[in-house]
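**Q** One structure coming up, written as structure tokens, with questions to follow.
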Protein chains: 2
Amino acid sequence: MRIFICGFGTVGQGFAEVIASRRDFFDKRYGERAIIVGAMDSRTYAYDPEGCDPLGLVERKKATGRVGETEYTDSVEVLKGIEYDILVEVSPTNVETGGVGLLNIRHALESEKDVITVNKGPLALKFRELIELAKANSCKFRFEGSVGGAMPIINLCRENLRGESIMSIRGILNGTCNFILSKMDKGQPFEQALKEAQQMGYAETDPTNDIEGYDSACKAVILANSIFGRDVTFKDVKITGITSITEEAIAMAATRNMVIRLIAEISDTKLEVAPRLIPKGHPLGITGTMNTAQIVSDLAGPVTVSGRGAGRIETASAILSDLVAIMDERVVG
Amino acid sequence: MRIFICGFGTVGQGFAEVIASRRDFFDKRYGERAIIVGAMDSRTYAYDPEGCDPLGLVERKKATGRVGETEYTDSVEVLKGIEYDILVEVSPTNVETGGVGLLNIRHALESEKDVITVNKGPLALKFRELIELAKANSCKFRFEGSVGGAMPIINLCRENLRGESIMSIRGILNGTCNFILSKMDKGQPFEQALKEAQQMGYAETDPTNDIEGYDSACKAVILANSIFGRDVTFKDVKITGITSITEEAIAMAATRNMVIRLIAEISDTKLEVAPRLIPKGHPLGITGTMNTAQIVSDLAGPVTVSGRGAGRIETASAILSDLVAIMDERVVG
């Protein structure tokens with residue numbers, strides 16, 4: 001299977017490293033390698049139909065800031081000119097337009113290529129269109145890593161819990177907010193906790209996307225569409241972030257043995273991100289940067305999952321999970 | 001797909017009810033029903049090649065104590081005389097011999113039938129033999145519900161985390177012990193907590209299997225064999241139960257902000273069930289009857305899952321998950 005990677009930031013590089021580390025696994029399981037035929041960053045691309053050395057791509061990117069030697073202006077034109085079987089689309093998220101990721105995914109599906117992505121923009125804006133495009137072209141379209149990083153949730157609901165009616169999902173889907181709220185539990189004011197999150201590399205210089213709940217909202221949209229079969233976009237989410245949570249509110253919650261957490265709630269009728277009071281000791285009351293979600297289905301009852309919501313290798317592990325599922329069907333099946 | 005159910009206690013009955021409730025799902029997904037052609041309890045069986053009414057079987061069992069009108073002495077002889085595609089083996093667990101369940105599963109696999117079981121006896125005693133038998137006969141052999149009831153773990157590790165190296169699993173795999181330890185956290189002595197567990201129906205009249213850690217040990221064996229590829233049986237587990245945990249030990253742990261939990265630990269080199277000190281707020285420090293497990297893999301890092309470890313419908317939901325996976329491969333694939 002020939003893989004082309006669109007986007008060669010931390011996740012793209014992490015995925016290349018993971019592929020390099022799993023050679024034996026692919027050889028043994030499929031008698032066939034997962035070959036990376038190329039990768040593209042925002043200005044350049046590399047392509048070798050015989051396969052590139054994944055670690056070589058990472059080294060060049062680190063040394064020169066460019067993954068390839070060829071410059072380009074139109075990513076879709078690049079895709080048109082190369083041969084590949086699976087597109088791994090991990091370019092930067094743009095929640096307003098879907099960005100170049102939307103164009104790349106759309107083109108790949110139209111060209112009957114399988115697609116794996118963790119890019120929340122296209123998924124939060126054009127889910128229904130992309131799913132139907134995949135179906136019309138008999139392509140696999142998978143996106144486990146787009147919600148919760150290494151926390152298993154989408155494939156768990158769609159595959160392991162298939163046959164059940166999933167009633168609701170409530171989850172902590174943004175590790176940065178949870179880190180800040182966990183610090184506030186210990187008496188830190190919001191501004192100081194945010195600053196610490198920035199120093200630790202959890203929050204970006206402009207933290208709006210995290211602390212206003214936009215990132216959680218994108219993930220809620222993906223869950224609503226992919227698990228509840230809804231047809232919603234980012235603008236349908238009722239969003240309240242964590243910026244107005246006061247030290248007094250946290251202290252008040254503590255007197256009732258509760259904590260405040262930013263919870264995304266998704267069901268057939270609900271689509272909301274807001275701070276909620278959670279009893280201490282409840283699975284959704286966790287501290288730190290982990291993501292967690294409680295899925296309630298009609299037979300299994302509550303099933304809770306948690307895992308690292310971000311991170312280079314952790315997100316790459318979710319892409320690997322999707323890749324293996326595709327290869328199992330294409331190669332073994 | 002024609003299903004025959006061996007064992008018609010609470011889980012067998014729960015599964016029959018679940019099948020009755022999913023008619024639309026099967027019709028829609030496969031254009032084919034999951035038909036229950038019969039069921040067997042310890043003395044009688046029912047069989048109709050055209051399919052039995054699942055709820056009718058449950059009613060007859062409840063009303064008369066017997067699932068069928070035909071008495072039998074040898075369950076394998078019954079299986080030899082009927083036509084079916086999938087055996088659902090949920091007869092009582094016998095950890096010393098494997099019981100009738102072992103004979104039924106062995107016969108079904110030899111007859112090239114797919115098998116789904118939650119019966120820990122055969123799995124804890126003869127795992128390697130049964131897996132090889134399934135492979136030799138090109139049968140599916142699945143057992144998600146044998147560990148942790150509705151908590152997803154076996155298929156999660158074997159399918160969703162496929163491609164990763166799983167380093168270790170640590171888990172609370174017995175809800176009864178966790179209920180007792182949770183009560184002891186609040187100052188109840190062991191005997192009183194056990195009595196309450198019995199009154200609530202969590203513990204049996206003879207609680208040995210739970211409180212001595214034998215039940216957890218069986219599940220540890222299943223995880224060791226199925227996820228770590230080991231070849232171990234019940235006698236290979238180092239087991240310490242919860243009967244010697246004193247109120248003093250619990251109180252001492254509390255002063256260090258810890259709780260005591262019965263933890264099963266499984267890895268390539270470890271196979272142990274023993275009480276452990278767990279920090280309060282850690283995923284393995286949960287209270288109540290839920291099962292939980294922390295899986296550590298090389299890429300995803302720690303992934304924690306929890307769910308109801310027992311219960312009629314919850315366990316049946318795990319069987320449904322296995323059934324859907326089999327039908328997806330056989331019917332759709």
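Residue numbering restarts at 1 for every chain of the structure tokens, chains are lettered A, B, ... in their displayed order, and ligands are numbered from 1 as they appear.
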So that I can check the surroundings of B:Phe4, please list as an NGL selection string every protein, DNA and RNA residue that reaches within 6 Å of it, counting only C-alpha atoms and ignoring chain neighbours fewer than 4 positions away.
**A** :B and (36-39 or 87)
**Q** May I have the residues within 10 Å of A:Lys238 as a VMD selection string, using only C-alpha atoms and disregarding those fewer than 2 positions away in the same chain?
**A** chain A and resid 213 217 234 to 236 240 264 to 265 270 to 274
**Q** Write to file, as an mmCIF file, in the first residue's frame, the residues of the selection just made, with C-alpha atoms.
**A**
```cif
data_model
loop_
_atom_site.group_PDB
_atom_site.id
_atom_site.type_symbol
_atom_site.label_atom_id
_atom_site.label_comp_id
_atom_site.auth_asym_id
_atom_site.auth_seq_id
_atom_site.Cartn_x
_atom_site.Cartn_y
_atom_site.Cartn_z
ATOM 1 C CA GLY A 213 -14.298 25.689 23.712
ATOM 2 C CA ALA A 217 -16.928 21.912 19.759
ATOM 3 C CA PHE A 234 -19.517 23.844 13.942
ATOM 4 C CA LYS A 235 -22.104 26.636 14.012
ATOM 5 C CA ASP A 236 -24.749 24.260 15.405
ATOM 6 C CA THR A 240 -19.412 28.182 26.483
ATOM 7 C CA ALA A 264 -18.933 18.170 25.516
ATOM 8 C CA GLU A 265 -22.391 16.581 25.439
ATOM 9 C CA LYS A 270 -27.989 17.605 22.229
ATOM 10 C CA LEU A 271 -24.837 19.323 20.962
ATOM 11 C CA GLU A 272 -23.233 21.475 23.584
ATOM 12 C CA VAL A 273 -19.878 22.344 25.135
ATOM 13 C CA ALA A 274 -19.993 23.989 28.542
#
```
**Q** Please build the interface table for chain B against chain A with a cut-off of 9 Å, listing for each qualifying residue the nearest atom pair and the distance in Å to one decimal; count only C-alpha atoms, order rows by chain and increasing number, and write it as a Markdown table.
**A**
```
| residue | atom | partner | partner_atom | distance |
| --- | --- | --- | --- | --- |
| B:Val18 | CA | A:Leu299 | CA | 8.1 |
| B:Arg22 | CA | A:Gly163 | CA | 7.4 |
| B:Phe25 | CA | A:Gly163 | CA | 6.7 |
| B:Phe26 | CA | A:Gly163 | CA | 8.3 |
| B:Gly149 | CA | A:Ala300 | CA | 8.5 |
| B:Ala150 | CA | A:Ala300 | CA | 5.2 |
| B:Met151 | CA | A:Val303 | CA | 6.4 |
| B:Pro152 | CA | A:Asn160 | CA | 7.6 |
| B:Asn155 | CA | A:Asn160 | CA | 7.4 |
| B:Leu156 | CA | A:Leu156 | CA | 7.5 |
| B:Glu159 | CA | A:Ala325 | CA | 7.9 |
| B:Asn160 | CA | A:Ser321 | CA | 5.9 |
| B:Leu161 | CA | A:Ser321 | CA | 6.1 |
| B:Arg162 | CA | A:Ser321 | CA | 6.6 |
| B:Gly163 | CA | A:Phe25 | CA | 6.7 |
| B:Glu164 | CA | A:Ser317 | CA | 7.7 |
| B:Lys280 | CA | A:Gly281 | CA | 8.3 |
| B:Gly281 | CA | A:Gly281 | CA | 6.3 |
| B:His282 | CA | A:Ile286 | CA | 8.3 |
| B:Pro283 | CA | A:Pro283 | CA | 7.8 |
| B:Gly285 | CA | A:Gly281 | CA | 8.7 |
| B:Ile286 | CA | A:Gly281 | CA | 7.1 |
| B:Thr287 | CA | A:Gly281 | CA | 8.1 |
| B:Thr292 | CA | A:Thr304 | CA | 8.8 |
| B:Leu299 | CA | A:Ser317 | CA | 5.6 |
| B:Ala300 | CA | A:Glu314 | CA | 4.6 |
| B:Gly301 | CA | A:Glu314 | CA | 7.0 |
| B:Pro302 | CA | A:Gly307 | CA | 6.0 |
| B:Val303 | CA | A:Gly307 | CA | 4.6 |
| B:Thr304 | CA | A:Ser306 | CA | 5.1 |
| B:Val305 | CA | A:Val305 | CA | 4.5 |
| B:Ser306 | CA | A:Thr304 | CA | 5.1 |
| B:Gly307 | CA | A:Val303 | CA | 4.6 |
| B:Arg308 | CA | A:Ala300 | CA | 7.3 |
| B:Ile313 | CA | A:Leu299 | CA | 5.9 |
| B:Glu314 | CA | A:Ala300 | CA | 4.6 |
| B:Thr315 | CA | A:Ala300 | CA | 7.7 |
| B:Ala316 | CA | A:Leu299 | CA | 7.9 |
| B:Ser317 | CA | A:Leu299 | CA | 5.6 |
| B:Ala318 | CA | A:Ala300 | CA | 7.6 |
| B:Leu320 | CA | A:Gly163 | CA | 7.1 |
| B:Ser321 | CA | A:Asn160 | CA | 5.9 |
| B:Asp322 | CA | A:Asn160 | CA | 8.1 |
| B:Val324 | CA | A:Gly163 | CA | 7.0 |
| B:Ala325 | CA | A:Glu159 | CA | 7.9 |
| B:Glu329 | CA | A:Gly333 | CA | 8.4 |
| B:Gly333 | CA | A:Gly333 | CA | 7.3 |
```
**Q** With distances taken over only C-alpha atoms, which residue among B:Pro49, B:Gly175, B:Gly187, B:Gly98 lies nearest B:Ala251?
**A**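 Closest residue, counting only C-alpha atoms: B:Gly187.
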**Q** Enumerate, as a list in words, the complete set of residues in stretch 3-126 of chain A that a backbone-based DSSP assignment places in strand (DSSP E).
**A**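 The strand (DSSP E) residues within stretch 3-126 of chain A come out as Ile3, Phe4, Ile5, Cys6, Ile35, Ile36, Val37, Gly38, Ala39, Met40, Thr44, Tyr45, Ala46, Tyr47, Thr70, Glu71, Ile86, Leu87, Val88, Glu89, Asp114, Val115, Ile116 and Thr117 of chain A.
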**Q** Compile the contact shell of A:Leu194 as number ranges by chain: residues with an atom at most 8 Å away, counting only C-alpha atoms, same-chain residues fewer than 4 positions apart removed.
**A** A: 180, 190, 198, 203
**Q** Select, from B:His107, B:Lys120, B:Arg128, B:Lys113, the residue with the minimum atom-to-atom distance to B:Val147, counting only C-alpha atoms.
**A**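 Under the stated criterion, the closest residue is B:Lys120.
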**Q** Of the candidates B:Val76, B:Ala136, B:Ala197, B:Val67, which one gets nearest to B:Ala46 if we count only C-alpha atoms?
**A**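 Between B:Val76, B:Ala136, B:Ala197, B:Val67, the residue approaching B:Ala46 most closely is B:Val67.
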**Q** Among stretch 112-301 of chain A, which ones does DSSP place in alpha helix (DSSP H), written as an NGL selection string?
**A** :A and (120-136 or 154-155 or 175-185 or 190-199 or 208-211 or 214-227 or 247-255)
**Q** What lies within 9 Å of stretch 230-233 of chain A using only C-alpha atoms, ignoring chain neighbours under 6 positions off, as a list in words?
**A**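 My list of contacting residues is Leu123, Ala124, Leu125, Lys126, Phe127, Arg128, Cys218, Val221, Ile222, Leu223, Ala224 and Asp268 of chain A.
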**Q** For B:Glu212, please output as a list of chain:residue names all residues within 7 Å (counting only C-alpha atoms; exclusion window: fewer than 5 positions along the same chain).
**A**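 Neighbouring residues, sequence-local ones excluded: B:Thr240, B:Gly241, B:Ile242, B:Thr243.
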**Q** Do you know which residues are at most 10 Å from A:Gly12 counting only C-alpha atoms, after dropping those on the same chain fewer than 3 positions away, and could you put them as number ranges by chain?
**A** A: 5-9, 15-18, 39-41, 58, 88-91, 312-313, 315-316, 319
**Q** May I have the selected residues written with N, CA and C atoms, as a compact mmCIF listing (two decimals), in the first residue's frame?
**A**
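Output (part_3.txt):
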```
# COMPACT_ATOMS: atom_id res chain seq x y z
N ILE A 5 1.53 11.51 2.46
CA ILE A 5 1.19 12.29 3.65
C ILE A 5 1.05 13.77 3.28
N CYS A 6 -0.12 14.34 3.51
CA CYS A 6 -0.31 15.78 3.31
C CYS A 6 -0.24 16.46 4.66
N GLY A 7 0.74 17.32 4.82
CA GLY A 7 0.95 17.98 6.12
C GLY A 7 2.11 17.28 6.80
N PHE A 8 3.19 18.01 7.02
CA PHE A 8 4.35 17.35 7.62
C PHE A 8 4.83 18.11 8.84
N GLY A 9 3.86 18.48 9.69
CA GLY A 9 4.17 19.06 10.99
C GLY A 9 4.43 17.94 11.99
N PHE A 15 3.88 10.24 12.41
CA PHE A 15 3.35 9.10 11.66
C PHE A 15 4.46 8.44 10.83
N ALA A 16 5.30 9.27 10.20
CA ALA A 16 6.42 8.71 9.41
C ALA A 16 7.32 7.86 10.30
N GLU A 17 7.57 8.35 11.49
CA GLU A 17 8.42 7.59 12.43
C GLU A 17 7.75 6.27 12.83
N VAL A 18 6.43 6.34 13.05
CA VAL A 18 5.70 5.13 13.43
C VAL A 18 5.76 4.10 12.31
N ALA A 39 5.55 13.01 0.77
CA ALA A 39 4.93 13.86 1.77
C ALA A 39 4.99 15.30 1.29
N MET A 40 4.09 16.09 1.83
CA MET A 40 3.94 17.47 1.39
C MET A 40 3.85 18.36 2.63
N ASP A 41 4.61 19.46 2.65
CA ASP A 41 4.35 20.45 3.69
C ASP A 41 3.68 21.66 3.03
N VAL A 58 11.81 12.94 7.66
CA VAL A 58 11.77 13.67 8.93
C VAL A 58 13.07 14.45 9.13
N VAL A 88 -2.92 10.25 3.79
CA VAL A 88 -2.96 10.58 5.21
C VAL A 88 -2.95 12.11 5.29
N GLU A 89 -4.08 12.70 5.63
CA GLU A 89 -4.26 14.16 5.57
C GLU A 89 -4.15 14.73 6.99
N VAL A 90 -3.01 15.35 7.26
CA VAL A 90 -2.75 15.90 8.60
C VAL A 90 -2.22 17.33 8.49
N SER A 91 -2.75 18.06 7.50
CA SER A 91 -2.34 19.47 7.36
C SER A 91 -3.05 20.30 8.43
N ARG A 312 2.45 13.87 19.41
CA ARG A 312 2.94 13.43 18.13
C ARG A 312 2.70 11.93 17.89
N ILE A 313 3.25 11.13 18.78
CA ILE A 313 3.20 9.69 18.58
C ILE A 313 1.81 9.14 18.92
N THR A 315 -1.11 10.64 18.54
CA THR A 315 -2.03 10.86 17.43
C THR A 315 -1.66 9.95 16.26
N ALA A 316 -0.36 9.77 16.05
CA ALA A 316 0.08 8.85 14.99
C ALA A 316 -0.42 7.43 15.27
N ILE A 319 -3.75 7.04 13.81
CA ILE A 319 -3.67 6.90 12.34
C ILE A 319 -3.25 5.48 11.98
```
